[in-house]
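**Q** So I've got this file, final03.csv, and it contains CSV, C-alpha atoms:
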```
chain,number,residue,atom,x,y,z
A,852,MET,CA,15.3,20.8,-20.1
A,853,SER,CA,14.2,22.4,-16.9
A,854,GLU,CA,15.7,25.8,-15.8
A,855,LYS,CA,15.4,24.9,-12.2
A,856,ILE,CA,18.4,24.6,-9.9
A,857,LYS,CA,19.2,20.9,-9.7
A,858,LEU,CA,19.9,19.4,-6.3
A,859,GLU,CA,21.5,16.0,-6.3
A,860,ALA,CA,21.7,13.6,-3.4
A,861,TYR,CA,23.8,10.4,-3.6
A,862,ILE,CA,22.8,7.9,-0.9
A,863,ALA,CA,23.2,4.3,0.1
A,864,GLN,CA,20.7,1.6,-0.9
A,865,PRO,CA,19.0,0.8,1.4
A,866,PRO,CA,19.3,4.3,2.9
A,867,THR,CA,21.1,4.7,6.3
A,868,SER,CA,19.8,7.0,8.9
A,869,LYS,CA,22.2,9.7,7.6
A,870,CYS,CA,20.9,9.2,4.1
A,871,ARG,CA,17.3,9.6,5.4
A,872,GLU,CA,18.4,12.9,7.0
A,873,VAL,CA,19.8,14.0,3.7
A,874,LEU,CA,16.5,13.3,2.0
A,875,ALA,CA,14.6,15.2,4.7
A,876,VAL,CA,16.8,18.3,4.4
A,877,MET,CA,16.8,18.3,0.6
A,878,GLU,CA,13.1,17.8,0.3
A,879,GLU,CA,12.6,20.7,2.7
A,880,ILE,CA,14.6,22.9,0.4
A,881,VAL,CA,12.4,21.8,-2.6
A,882,ARG,CA,9.4,22.8,-0.4
A,883,ARG,CA,10.9,26.2,0.3
A,884,TYR,CA,11.9,26.9,-3.3
A,885,PRO,CA,8.9,25.8,-5.4
A,886,ASP,CA,9.4,26.4,-9.1
A,887,GLN,CA,13.1,27.1,-8.5
A,888,VAL,CA,14.6,23.9,-7.4
A,889,ARG,CA,14.3,20.2,-8.2
A,890,LEU,CA,15.8,17.2,-6.4
A,891,VAL,CA,17.3,14.2,-8.0
A,892,VAL,CA,18.2,11.3,-5.7
A,893,PHE,CA,20.8,8.7,-6.8
A,894,ALA,CA,20.9,5.5,-4.8
A,895,ARG,CA,24.2,3.5,-4.9
A,896,GLY,CA,23.9,0.5,-7.2
A,897,MET,CA,20.5,1.6,-8.6
A,898,PRO,CA,19.7,2.9,-12.1
A,899,TRP,CA,20.1,6.6,-12.4
A,900,PRO,CA,16.8,8.5,-12.6
A,901,GLU,CA,18.5,10.9,-15.0
A,902,GLU,CA,22.0,11.9,-16.1
A,903,PRO,CA,24.0,13.1,-13.1
A,904,SER,CA,26.1,16.3,-13.2
A,905,PRO,CA,29.7,15.8,-14.3
A,906,ALA,CA,30.9,16.4,-10.7
A,907,LEU,CA,28.6,13.7,-9.3
A,908,LYS,CA,29.4,11.3,-12.1
A,909,TYR,CA,33.1,11.7,-11.3
A,910,ALA,CA,32.3,10.9,-7.6
A,911,PHE,CA,30.4,7.8,-8.7
A,912,HIS,CA,33.5,6.6,-10.7
A,913,LYS,CA,35.8,7.3,-7.8
A,914,GLY,CA,33.6,5.2,-5.6
A,915,SER,CA,33.2,8.1,-3.2
A,916,THR,CA,31.5,7.9,0.2
A,917,VAL,CA,27.8,8.4,0.7
A,918,PRO,CA,25.9,10.5,1.4
A,919,MET,CA,27.0,13.3,-1.0
A,920,CYS,CA,25.1,16.5,-1.9
A,921,TYR,CA,25.4,18.8,-4.9
A,922,ALA,CA,23.6,22.0,-6.0
A,923,ASP,CA,23.8,22.9,-9.7
A,924,GLY,CA,26.7,20.6,-10.1
A,925,ARG,CA,28.7,22.0,-7.2
A,926,PHE,CA,29.7,19.9,-4.2
A,927,ILE,CA,27.9,21.0,-0.9
A,928,VAL,CA,28.9,18.3,1.6
A,929,GLY,CA,29.8,14.6,1.7
A,930,GLY,CA,29.9,11.9,4.3
A,931,ARG,CA,27.3,13.6,6.5
A,932,PRO,CA,23.9,15.2,6.1
A,933,PRO,CA,24.0,18.8,5.1
A,934,THR,CA,22.3,21.4,7.3
A,935,LEU,CA,19.4,23.4,5.8
A,936,ASP,CA,21.6,26.5,5.9
A,937,GLU,CA,24.3,24.9,3.9
A,938,VAL,CA,21.9,23.8,1.1
A,939,GLU,CA,20.1,27.1,1.2
A,940,ARG,CA,23.3,29.0,0.8
A,941,ALA,CA,24.3,26.8,-2.1
A,942,VAL,CA,20.9,27.3,-3.8
A,943,GLU,CA,21.0,31.1,-3.3
A,944,ALA,CA,24.4,31.2,-4.8
A,945,ALA,CA,23.3,29.1,-7.8
A,946,LEU,CA,20.2,31.3,-8.2
A,947,ARG,CA,22.4,34.4,-8.2
A,948,THR,CA,24.7,32.9,-10.8
A,949,LYS,CA,21.7,31.9,-13.0
A,950,GLY,CA,20.2,35.4,-12.6
A,951,SER,CA,23.5,37.1,-13.7
A,952,ASN,CA,23.8,34.9,-16.8
B,639,MET,CA,4.6,-2.0,29.0
B,640,ARG,CA,3.5,-3.1,25.5
B,641,ARG,CA,3.9,-0.3,23.1
B,642,ALA,CA,3.5,0.1,19.4
B,643,VAL,CA,3.2,2.6,16.6
B,644,PHE,CA,0.5,2.0,14.0
B,645,VAL,CA,1.3,3.6,10.6
B,646,GLY,CA,-1.3,4.4,8.0
B,647,VAL,CA,-1.3,2.2,4.9
B,648,TYR,CA,-0.2,5.0,2.6
B,649,GLN,CA,2.4,6.6,4.9
B,650,ASP,CA,6.1,6.5,4.6
B,651,THR,CA,7.2,4.9,7.9
B,652,TRP,CA,10.6,6.4,7.8
B,653,SER,CA,9.2,9.9,7.5
B,654,GLU,CA,6.6,9.5,10.2
B,655,VAL,CA,8.3,7.5,12.8
B,656,ASP,CA,11.7,7.5,14.6
B,657,VAL,CA,12.4,3.9,13.6
B,658,ASP,CA,15.7,3.7,15.3
B,659,TYR,CA,14.3,5.0,18.6
B,660,CYS,CA,11.4,2.6,18.4
B,661,ARG,CA,13.7,-0.3,17.8
B,662,GLN,CA,16.0,0.7,20.7
B,663,HIS,CA,13.0,0.9,23.0
B,664,GLY,CA,11.1,-2.1,22.0
B,665,ILE,CA,8.2,-0.2,20.4
B,666,LYS,CA,6.8,-2.3,17.6
B,667,ILE,CA,5.9,-0.6,14.3
B,668,VAL,CA,3.0,-2.0,12.5
B,669,ARG,CA,1.4,-0.8,9.3
B,670,ARG,CA,-2.4,-1.0,9.5
B,671,LEU,CA,-4.8,-1.7,6.6
B,672,ASN,CA,-6.5,1.7,6.7
B,673,GLY,CA,-5.4,5.2,5.9
B,674,GLY,CA,-4.7,8.2,8.1
B,675,GLY,CA,-1.8,9.2,10.3
B,676,ALA,CA,0.7,7.3,12.5
B,677,VAL,CA,-0.6,6.6,16.0
B,678,TYR,CA,1.4,5.7,19.1
B,679,HIS,CA,-0.3,3.1,21.3
B,680,ASP,CA,0.4,1.8,24.8
B,681,LEU,CA,-2.0,0.2,27.2
B,682,GLY,CA,-3.5,3.7,27.9
B,683,SER,CA,-5.3,3.8,24.6
B,684,PHE,CA,-7.6,1.4,22.7
B,685,CYS,CA,-8.9,0.8,19.2
B,686,THR,CA,-12.3,-0.2,18.0
B,687,SER,CA,-13.3,-1.7,14.7
B,688,ALA,CA,-16.9,-2.2,13.6
B,689,PHE,CA,-17.3,-4.7,10.7
B,690,PHE,CA,-20.5,-4.6,8.8
B,691,PRO,CA,-22.1,-5.0,5.3
B,692,ARG,CA,-22.1,-1.5,3.8
B,693,THR,CA,-25.8,-1.7,3.1
B,694,VAL,CA,-26.6,-1.8,6.9
B,695,PHE,CA,-26.2,2.0,7.0
B,696,PRO,CA,-27.9,4.4,4.6
B,697,HIS,CA,-25.4,7.0,5.6
B,698,SER,CA,-22.6,8.4,3.4
B,699,ASP,CA,-19.0,7.7,4.5
B,700,GLU,CA,-18.7,11.2,5.9
B,701,GLU,CA,-21.9,10.7,7.9
B,702,LEU,CA,-20.6,7.4,9.3
B,703,TYR,CA,-17.6,9.2,10.7
B,704,ARG,CA,-19.9,11.6,12.5
B,705,LEU,CA,-22.2,8.8,13.7
B,706,PHE,CA,-19.4,6.7,15.2
B,707,ALA,CA,-17.9,9.8,16.8
B,708,GLU,CA,-21.1,10.4,18.8
B,709,PRO,CA,-20.5,7.6,21.4
B,710,VAL,CA,-17.0,9.0,21.9
B,711,ILE,CA,-18.4,12.5,22.5
B,712,ARG,CA,-20.9,11.0,25.0
B,713,THR,CA,-18.2,9.0,26.8
B,714,CYS,CA,-16.1,12.1,27.2
B,715,ALA,CA,-19.2,13.9,28.5
B,716,ASP,CA,-19.6,11.2,31.2
B,717,TYR,CA,-16.2,12.4,32.5
B,718,GLY,CA,-17.2,16.1,32.3
B,719,VAL,CA,-15.2,16.7,29.2
B,720,ALA,CA,-16.8,18.6,26.3
B,721,ALA,CA,-15.7,17.0,23.0
B,722,ARG,CA,-16.8,17.8,19.5
B,723,PHE,CA,-16.6,16.3,16.0
B,724,ALA,CA,-14.3,18.2,13.8
B,725,GLY,CA,-12.9,18.1,10.3
B,726,ARG,CA,-13.4,14.8,8.4
B,727,ASN,CA,-12.9,12.2,11.1
B,728,ASP,CA,-11.6,13.7,14.4
B,729,VAL,CA,-13.0,14.2,17.9
B,730,LEU,CA,-11.4,17.2,19.5
B,731,VAL,CA,-11.3,18.6,23.0
B,732,GLY,CA,-10.7,22.3,22.4
B,733,GLN,CA,-8.2,22.2,19.5
B,734,ARG,CA,-6.7,18.9,20.6
B,735,LYS,CA,-7.4,15.5,19.1
B,736,ILE,CA,-8.6,12.8,21.5
B,737,HIS,CA,-10.0,10.3,19.0
B,738,GLY,CA,-9.2,9.6,15.4
B,739,ALA,CA,-11.1,7.4,12.9
B,740,ALA,CA,-10.5,5.6,9.6
B,741,GLN,CA,-12.6,3.5,7.2
B,742,ILE,CA,-11.9,0.7,4.8
B,743,ALA,CA,-14.4,-0.4,2.1
B,744,TRP,CA,-13.8,-4.0,0.8
B,745,TYR,CA,-16.4,-4.9,-1.8
B,746,SER,CA,-19.7,-5.0,0.1
B,747,ALA,CA,-17.9,-5.1,3.5
B,748,PHE,CA,-17.0,-2.0,5.5
B,749,VAL,CA,-14.8,-1.4,8.6
B,750,GLN,CA,-15.1,1.7,10.7
B,751,SER,CA,-12.2,2.0,13.1
B,752,GLY,CA,-11.2,4.4,15.8
B,753,THR,CA,-8.5,5.1,18.4
B,754,PHE,CA,-9.4,6.6,21.7
B,755,LEU,CA,-6.6,8.1,23.8
B,756,VAL,CA,-7.3,7.6,27.5
B,757,ASN,CA,-4.2,7.5,29.7
B,758,MET,CA,-1.6,8.2,27.0
B,759,ASP,CA,2.1,8.9,27.7
B,760,LEU,CA,2.1,11.8,25.4
B,761,ALA,CA,5.8,12.5,25.8
B,762,ALA,CA,6.6,9.0,24.6
B,763,MET,CA,4.2,9.4,21.7
B,764,GLU,CA,6.0,12.6,20.7
B,765,ARG,CA,9.4,10.9,20.9
B,766,ALA,CA,8.4,7.9,18.9
B,767,LEU,CA,6.6,9.9,16.2
B,768,THR,CA,9.1,12.6,15.5
B,769,PRO,CA,11.6,11.7,12.9
B,770,PRO,CA,15.0,13.1,14.0
B,771,ALA,CA,15.7,14.5,10.5
B,772,LEU,CA,12.8,16.8,10.7
B,773,LYS,CA,13.7,18.3,14.1
B,774,PHE,CA,16.0,20.8,12.4
B,775,ALA,CA,13.5,21.8,9.8
B,776,ASP,CA,12.9,25.2,11.3
B,777,LYS,CA,9.4,25.7,10.2
B,778,PRO,CA,6.8,26.8,12.9
B,779,ALA,CA,6.4,23.2,14.0
B,780,ARG,CA,4.0,22.6,16.9
B,781,SER,CA,4.6,19.7,19.2
B,782,ILE,CA,2.4,16.6,19.2
B,783,GLN,CA,1.5,17.4,22.8
B,784,GLU,CA,0.0,20.7,21.6
B,785,ARG,CA,-2.2,18.9,19.0
B,786,VAL,CA,-3.2,15.7,20.9
B,787,THR,CA,-4.7,15.1,24.3
B,788,SER,CA,-6.0,12.2,26.3
B,789,LEU,CA,-9.1,11.8,28.5
B,790,ALA,CA,-7.0,11.5,31.6
B,791,ARG,CA,-5.2,14.7,30.8
B,792,GLU,CA,-8.5,16.5,30.4
B,793,VAL,CA,-9.9,15.0,33.6
B,794,GLY,CA,-6.7,15.5,35.6
B,795,ARG,CA,-6.4,12.0,36.9
B,796,GLU,CA,-5.6,8.5,35.6
B,797,LEU,CA,-8.6,6.6,34.4
B,798,ASP,CA,-9.6,2.9,34.2
B,799,VAL,CA,-9.3,2.1,30.5
B,800,ALA,CA,-11.7,-0.9,30.8
B,801,GLU,CA,-14.4,1.4,32.3
B,802,VAL,CA,-14.0,3.9,29.5
B,803,GLN,CA,-14.3,1.0,27.0
B,804,ALA,CA,-17.5,-0.2,28.7
B,805,ARG,CA,-19.0,3.3,28.6
B,806,LEU,CA,-18.2,3.6,24.9
B,807,VAL,CA,-19.8,0.3,24.1
B,808,ASP,CA,-22.9,1.2,26.1
B,809,HIS,CA,-23.2,4.5,24.2
B,810,LEU,CA,-22.7,2.8,20.9
B,811,ALA,CA,-25.3,0.2,21.6
B,812,GLN,CA,-27.8,2.9,22.8
B,813,LEU,CA,-27.1,5.0,19.7
B,814,LEU,CA,-27.6,2.2,17.2
B,815,GLY,CA,-30.3,0.4,19.2
B,816,ILE,CA,-28.4,-2.8,19.3
B,817,GLU,CA,-27.1,-5.2,21.9
B,818,PHE,CA,-23.5,-6.5,21.9
B,819,ALA,CA,-22.8,-10.1,22.7
B,820,PRO,CA,-19.2,-10.9,23.8
B,821,ASP,CA,-17.6,-13.7,21.8
B,822,GLU,CA,-14.2,-15.2,20.9
B,823,LEU,CA,-12.5,-15.8,17.6
B,824,THR,CA,-13.2,-19.2,16.2
B,825,ALA,CA,-10.2,-21.6,15.8
B,826,GLN,CA,-10.3,-21.0,12.1
B,827,GLU,CA,-10.3,-17.2,12.5
B,828,ARG,CA,-7.5,-17.4,15.0
B,829,ALA,CA,-5.4,-19.6,12.6
B,830,LEU,CA,-6.0,-17.1,9.7
B,831,ALA,CA,-5.0,-14.2,12.0
B,832,ASP,CA,-1.8,-16.1,13.0
B,833,GLU,CA,-1.0,-16.7,9.4
B,834,LEU,CA,-1.5,-13.1,8.5
B,835,LEU,CA,0.7,-12.0,11.4
B,836,ALA,CA,3.5,-14.4,10.3
B,837,VAL,CA,3.5,-13.6,6.6
B,838,LYS,CA,2.5,-10.0,6.5
B,839,TYR,CA,2.1,-7.9,9.7
B,840,SER,CA,5.4,-9.0,11.3
B,841,SER,CA,7.5,-8.4,8.2
B,842,ASP,CA,9.7,-5.3,7.7
B,843,GLU,CA,8.7,-5.3,4.1
B,844,TRP,CA,5.1,-4.5,5.0
B,845,ASN,CA,5.7,-2.4,8.1
B,846,LEU,CA,8.6,-0.3,7.1
B,847,GLY,CA,8.3,-0.6,3.3
B,848,ALA,CA,11.0,0.6,1.0
B,849,ARG,CA,11.3,4.4,1.2
B,850,GLN,CA,11.5,5.9,-2.2
B,851,SER,CA,15.2,6.2,-2.4
B,852,ALA,CA,15.9,7.2,-5.9
B,853,GLY,CA,13.9,9.5,-8.1
B,854,VAL,CA,13.0,13.1,-8.8
B,855,THR,CA,11.2,15.5,-6.5
B,856,VAL,CA,9.7,18.7,-7.9
B,857,SER,CA,7.4,21.3,-6.5
B,858,THR,CA,5.2,24.3,-7.5
B,859,ARG,CA,2.7,26.7,-6.0
B,860,THR,CA,-1.0,26.5,-6.8
B,861,PRO,CA,-3.8,28.8,-5.6
B,862,GLY,CA,-4.6,26.1,-3.0
B,863,GLY,CA,-1.1,25.8,-1.7
B,864,MET,CA,2.3,24.3,-2.4
B,865,VAL,CA,2.5,20.8,-3.9
B,866,LEU,CA,5.5,18.4,-4.1
B,867,LEU,CA,5.7,15.5,-6.5
B,868,SER,CA,8.3,12.7,-6.0
B,869,ALA,CA,8.5,10.1,-8.8
B,870,ASP,CA,10.6,7.0,-9.2
B,871,VAL,CA,10.7,6.5,-13.0
B,872,ASP,CA,12.0,3.5,-14.8
B,873,GLY,CA,11.9,2.9,-18.5
B,874,GLY,CA,9.3,5.6,-19.2
B,875,ALA,CA,6.9,4.2,-16.5
B,876,ILE,CA,6.3,5.5,-13.0
B,877,ARG,CA,7.3,2.9,-10.4
B,878,ALA,CA,6.2,4.9,-7.4
B,879,ALA,CA,4.8,8.4,-6.9
B,880,ARG,CA,4.3,10.5,-3.8
B,881,ILE,CA,2.3,13.7,-3.7
B,882,ARG,CA,2.5,15.9,-0.7
B,883,GLY,CA,1.8,19.6,0.1
B,884,ASP,CA,-0.1,22.0,2.3
B,885,LEU,CA,-3.3,21.5,0.4
B,886,LEU,CA,-6.8,21.5,1.8
B,887,LEU,CA,-8.8,18.9,-0.1
B,888,SER,CA,-12.4,17.9,0.7
B,889,ASP,CA,-11.6,14.3,-0.3
B,890,GLY,CA,-8.8,13.4,2.1
B,891,THR,CA,-7.9,10.2,0.2
B,892,ALA,CA,-7.9,11.6,-3.3
B,893,LEU,CA,-4.1,12.1,-3.4
B,894,GLU,CA,-3.5,8.6,-2.0
B,895,ARG,CA,-5.7,7.1,-4.6
B,896,LEU,CA,-4.0,9.1,-7.3
B,897,GLU,CA,-0.6,7.8,-6.1
B,898,ARG,CA,-1.8,4.3,-6.4
B,899,ASP,CA,-3.2,4.9,-9.9
B,900,LEU,CA,0.1,6.5,-11.0
B,901,ALA,CA,2.2,3.6,-9.8
B,902,GLY,CA,2.9,1.4,-12.9
B,903,CYS,CA,1.5,4.0,-15.2
B,904,ARG,CA,3.5,5.2,-18.3
B,905,LEU,CA,4.6,8.8,-18.1
B,906,THR,CA,2.7,9.5,-21.4
B,907,ASP,CA,-0.6,8.2,-19.8
B,908,ALA,CA,0.0,10.0,-16.5
B,909,PRO,CA,-1.7,13.3,-17.4
B,910,ALA,CA,-4.9,11.6,-18.3
B,911,VAL,CA,-4.8,9.7,-14.9
B,912,VAL,CA,-4.3,13.0,-13.1
B,913,ARG,CA,-7.1,14.8,-14.9
B,914,ALA,CA,-9.5,11.9,-14.1
B,915,ALA,CA,-8.7,12.2,-10.3
B,916,PRO,CA,-11.3,14.1,-8.1
B,917,LEU,CA,-9.0,17.0,-7.5
B,918,PRO,CA,-9.4,20.8,-8.1
B,919,ALA,CA,-8.6,21.8,-11.7
B,920,ASP,CA,-5.7,24.0,-10.7
B,921,LEU,CA,-4.1,21.2,-8.7
B,922,GLN,CA,-4.6,18.8,-11.6
B,923,GLU,CA,-2.8,21.2,-14.0
B,924,ALA,CA,0.0,21.8,-11.5
B,925,LEU,CA,0.6,18.0,-11.2
B,926,VAL,CA,0.5,17.6,-15.0
B,927,ALA,CA,3.1,20.3,-15.3
B,928,LEU,CA,5.3,18.6,-12.7
B,929,LEU,CA,4.9,15.3,-14.4
B,930,ALA,CA,6.0,16.9,-17.7
B,931,GLU,CA,9.1,18.2,-15.9
B,932,VAL,CA,9.9,14.7,-14.6
B,933,ALA,CA,9.4,13.3,-18.1
B,934,ASP,CA,11.6,15.9,-19.7
B,935,ASN,CA,14.5,14.9,-17.6
B,936,ALA,CA,13.9,11.2,-17.4
```
Once you've parsed the file, please lay out its structure as structure tokens.

**A**
Amino acid sequence: MSEKIKLEAYIAQPPTSKCREVLAVMEEIVRRYPDQVRLVVFARGMPWPEEPSPALKYAFHKGSTVPMCYADGRFIVGGRPPTLDEVERAVEAALRTKGSN
Amino acid sequence: MRRAVFVGVYQDTWSEVDVDYCRQHGIKIVRRLNGGGAVYHDLGSFCTSAFFPRTVFPHSDEELYRLFAEPVIRTCADYGVAARFAGRNDVLVGQRKIHGAAQIAWYSAFVQSGTFLVNMDLAAMERALTPPALKFADKPARSIQERVTSLAREVGRELDVAEVQARLVDHLAQLLGIEFAPDELTAQERALADELLAVKYSSDEWNLGARQSAGVTVSTRTPGGMVLLSADVDGGAIRAARIRGDLLLSDGTALERLERDLAGCRLTDAPAVVRAAPLPADLQEALVALLAEVADNA
């Protein structure tokens, strides 16, 4: 398995304008952190590209709102697109945690 | 005012165009058949397409770009504007693009197309082509108006588009040693065009496409720049792949062709497909590593 920080985005299908903003922000983070971050996008009602983190899986079962964003299995924001700062802070925190392990 | 955005055949419309803004302002979005970037059109710009059997010209594809740029450069000179051919397919004034071109090869047929910006509303172009989501990506973005210009802007006054068209046609005829004869589409051609419009070019499916909405995106650095791979994988096969990055490649369509080759390909076969693509070896290996990462987690 990859050692990269896993970003997860849960979006509507077809994506709303908010969901497209989520994708743009998350992809920008992947661009900024090559070799450190990977993005997995889950679309509502579509097959999972891979196993979601437990927290996101719980959100699926609860029927939570979209969009939702997670970094390394931790919730970042839901119901709105995140800002670049919010995702970057979450990624930095996850990288620090990984580094200290 | 009739306005439209023409999107390149391999582009993601949602990433290139503010679709909501265009819909609200009656700007049609149409995906064209050739590659290249999204272009905003109003009646201040015009397109040209030359259709011919490929054997008519002994030139390479790259040389054809240069050949068909020459009448544009001469037309600009008629208005006292110094334009030059640059890159693979652009005509620039200073550092700003005034004309772009694209090609399609279809068996023995060939189409050389171009877009000439004459009296463009560059502010409207900027508004239509800037996806809102990317506005807050705080990279050192430069505005479209800094990268694009129009003949009217360079001359400092509004121009008669029909006159510019006539000058371009004259220069092209002179350069190629040919004479143009105006004609209309036949009834059969018109019927075929209407049918294509109805079933393809007016459909959201063709024009907007389905943005890749589920899948994995990974990235890495290569000596040539950063590369991102997005893959939508289903049952061990790649349904769709997108490759982006800040790479400088001599073959501007190589990545697009590779994306098409990867679509429908099994993950186990994908490395061989990548290694067969006309790309630098370090980029090939980076893509193979990224595909392995996608496969590991699929």

**Q** Mind checking which residues fall within 12 Å of A:Phe926, counting all atoms listed in the file, ignoring those fewer than 2 positions away in the same chain, and posting them as a VMD selection string?

**A** chain A and resid 857 to 861 904 to 910 918 to 924 928 to 930 933 937 to 938 941 to 942 945

**Q** Quick one: contact table of chain A to chain B, 12 Å max, nearest atom pair and distance in Å to one decimal per residue, counting all atoms listed in the file, chain and number order, as JSON lines?

**A**
```
{"residue": "A:Met852", "atom": "CA", "partner": "B:Asp934", "partner_atom": "CA", "distance": 6.2}
{"residue": "A:Ser853", "atom": "CA", "partner": "B:Glu931", "partner_atom": "CA", "distance": 6.7}
{"residue": "A:Glu854", "atom": "CA", "partner": "B:Glu931", "partner_atom": "CA", "distance": 10.1}
{"residue": "A:Lys855", "atom": "CA", "partner": "B:Val856", "partner_atom": "CA", "distance": 9.5}
{"residue": "A:Ile856", "atom": "CA", "partner": "B:Val856", "partner_atom": "CA", "distance": 10.7}
{"residue": "A:Lys857", "atom": "CA", "partner": "B:Val856", "partner_atom": "CA", "distance": 9.9}
{"residue": "A:Leu858", "atom": "CA", "partner": "B:Thr855", "partner_atom": "CA", "distance": 9.5}
{"residue": "A:Glu859", "atom": "CA", "partner": "B:Val854", "partner_atom": "CA", "distance": 9.3}
{"residue": "A:Ala860", "atom": "CA", "partner": "B:Ala852", "partner_atom": "CA", "distance": 9.0}
{"residue": "A:Tyr861", "atom": "CA", "partner": "B:Ala852", "partner_atom": "CA", "distance": 8.8}
{"residue": "A:Ile862", "atom": "CA", "partner": "B:Ser851", "partner_atom": "CA", "distance": 7.9}
{"residue": "A:Ala863", "atom": "CA", "partner": "B:Ser851", "partner_atom": "CA", "distance": 8.6}
{"residue": "A:Gln864", "atom": "CA", "partner": "B:Ser851", "partner_atom": "CA", "distance": 7.3}
{"residue": "A:Pro865", "atom": "CA", "partner": "B:Ser851", "partner_atom": "CA", "distance": 7.6}
{"residue": "A:Pro866", "atom": "CA", "partner": "B:Ser851", "partner_atom": "CA", "distance": 7.0}
{"residue": "A:Thr867", "atom": "CA", "partner": "B:Asp658", "partner_atom": "CA", "distance": 10.5}
{"residue": "A:Ser868", "atom": "CA", "partner": "B:Asp658", "partner_atom": "CA", "distance": 8.3}
{"residue": "A:Lys869", "atom": "CA", "partner": "B:Ala771", "partner_atom": "CA", "distance": 8.6}
{"residue": "A:Cys870", "atom": "CA", "partner": "B:Ser851", "partner_atom": "CA", "distance": 9.2}
{"residue": "A:Arg871", "atom": "CA", "partner": "B:Ala771", "partner_atom": "CA", "distance": 7.3}
{"residue": "A:Glu872", "atom": "CA", "partner": "B:Ala771", "partner_atom": "CA", "distance": 4.7}
{"residue": "A:Val873", "atom": "CA", "partner": "B:Ala771", "partner_atom": "CA", "distance": 8.0}
{"residue": "A:Leu874", "atom": "CA", "partner": "B:Ser851", "partner_atom": "CA", "distance": 8.5}
{"residue": "A:Ala875", "atom": "CA", "partner": "B:Ala771", "partner_atom": "CA", "distance": 5.9}
{"residue": "A:Val876", "atom": "CA", "partner": "B:Ala775", "partner_atom": "CA", "distance": 7.2}
{"residue": "A:Met877", "atom": "CA", "partner": "B:Thr855", "partner_atom": "CA", "distance": 9.5}
{"residue": "A:Glu878", "atom": "CA", "partner": "B:Thr855", "partner_atom": "CA", "distance": 7.4}
{"residue": "A:Glu879", "atom": "CA", "partner": "B:Ala775", "partner_atom": "CA", "distance": 7.2}
{"residue": "A:Ile880", "atom": "CA", "partner": "B:Ala775", "partner_atom": "CA", "distance": 9.5}
{"residue": "A:Val881", "atom": "CA", "partner": "B:Ser857", "partner_atom": "CA", "distance": 6.4}
{"residue": "A:Arg882", "atom": "CA", "partner": "B:Ser857", "partner_atom": "CA", "distance": 6.6}
{"residue": "A:Arg883", "atom": "CA", "partner": "B:Ser857", "partner_atom": "CA", "distance": 9.1}
{"residue": "A:Tyr884", "atom": "CA", "partner": "B:Ser857", "partner_atom": "CA", "distance": 7.9}
{"residue": "A:Pro885", "atom": "CA", "partner": "B:Thr858", "partner_atom": "CA", "distance": 4.5}
{"residue": "A:Asp886", "atom": "CA", "partner": "B:Thr858", "partner_atom": "CA", "distance": 5.0}
{"residue": "A:Gln887", "atom": "CA", "partner": "B:Ser857", "partner_atom": "CA", "distance": 8.4}
{"residue": "A:Val888", "atom": "CA", "partner": "B:Val856", "partner_atom": "CA", "distance": 7.2}
{"residue": "A:Arg889", "atom": "CA", "partner": "B:Val856", "partner_atom": "CA", "distance": 4.8}
{"residue": "A:Leu890", "atom": "CA", "partner": "B:Thr855", "partner_atom": "CA", "distance": 4.9}
{"residue": "A:Val891", "atom": "CA", "partner": "B:Val854", "partner_atom": "CA", "distance": 4.5}
{"residue": "A:Val892", "atom": "CA", "partner": "B:Ala852", "partner_atom": "CA", "distance": 4.7}
{"residue": "A:Phe893", "atom": "CA", "partner": "B:Ala852", "partner_atom": "CA", "distance": 5.2}
{"residue": "A:Ala894", "atom": "CA", "partner": "B:Ala852", "partner_atom": "CA", "distance": 5.4}
{"residue": "A:Arg895", "atom": "CA", "partner": "B:Ala852", "partner_atom": "CA", "distance": 9.1}
{"residue": "A:Gly896", "atom": "CA", "partner": "B:Ala852", "partner_atom": "CA", "distance": 10.5}
{"residue": "A:Met897", "atom": "CA", "partner": "B:Ala852", "partner_atom": "CA", "distance": 7.7}
{"residue": "A:Pro898", "atom": "CA", "partner": "B:Asp872", "partner_atom": "CA", "distance": 8.2}
{"residue": "A:Trp899", "atom": "CA", "partner": "B:Ala852", "partner_atom": "CA", "distance": 7.8}
{"residue": "A:Pro900", "atom": "CA", "partner": "B:Gly853", "partner_atom": "CA", "distance": 5.4}
{"residue": "A:Glu901", "atom": "CA", "partner": "B:Ala936", "partner_atom": "CA", "distance": 5.2}
{"residue": "A:Glu902", "atom": "CA", "partner": "B:Asn935", "partner_atom": "CA", "distance": 8.2}
{"residue": "A:Pro903", "atom": "CA", "partner": "B:Asn935", "partner_atom": "CA", "distance": 10.7}
{"residue": "A:Pro932", "atom": "CA", "partner": "B:Ala771", "partner_atom": "CA", "distance": 9.3}
{"residue": "A:Pro933", "atom": "CA", "partner": "B:Ala771", "partner_atom": "CA", "distance": 10.8}
{"residue": "A:Thr934", "atom": "CA", "partner": "B:Phe774", "partner_atom": "CA", "distance": 8.1}
{"residue": "A:Leu935", "atom": "CA", "partner": "B:Ala775", "partner_atom": "CA", "distance": 7.3}
{"residue": "A:Asp936", "atom": "CA", "partner": "B:Ala775", "partner_atom": "CA", "distance": 10.1}
```

**Q** Kindly extract all protein, DNA and RNA residues lying within 9 Å of the coordinates (-7.7, 13.5, 19.0) given in the file, considering all atoms listed in the file, and supply them as a PyMOL selection string.

**A** chain B and resi 728-731+733-738+753-755+785-788

**Q** Please indicate the distance in Å from atom CA of B:Gln803 to atom CA of B:Val710, rounded to one decimal place.

**A**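 Separation of atom CA of B:Gln803 and atom CA of B:Val710: 9.9 Å.
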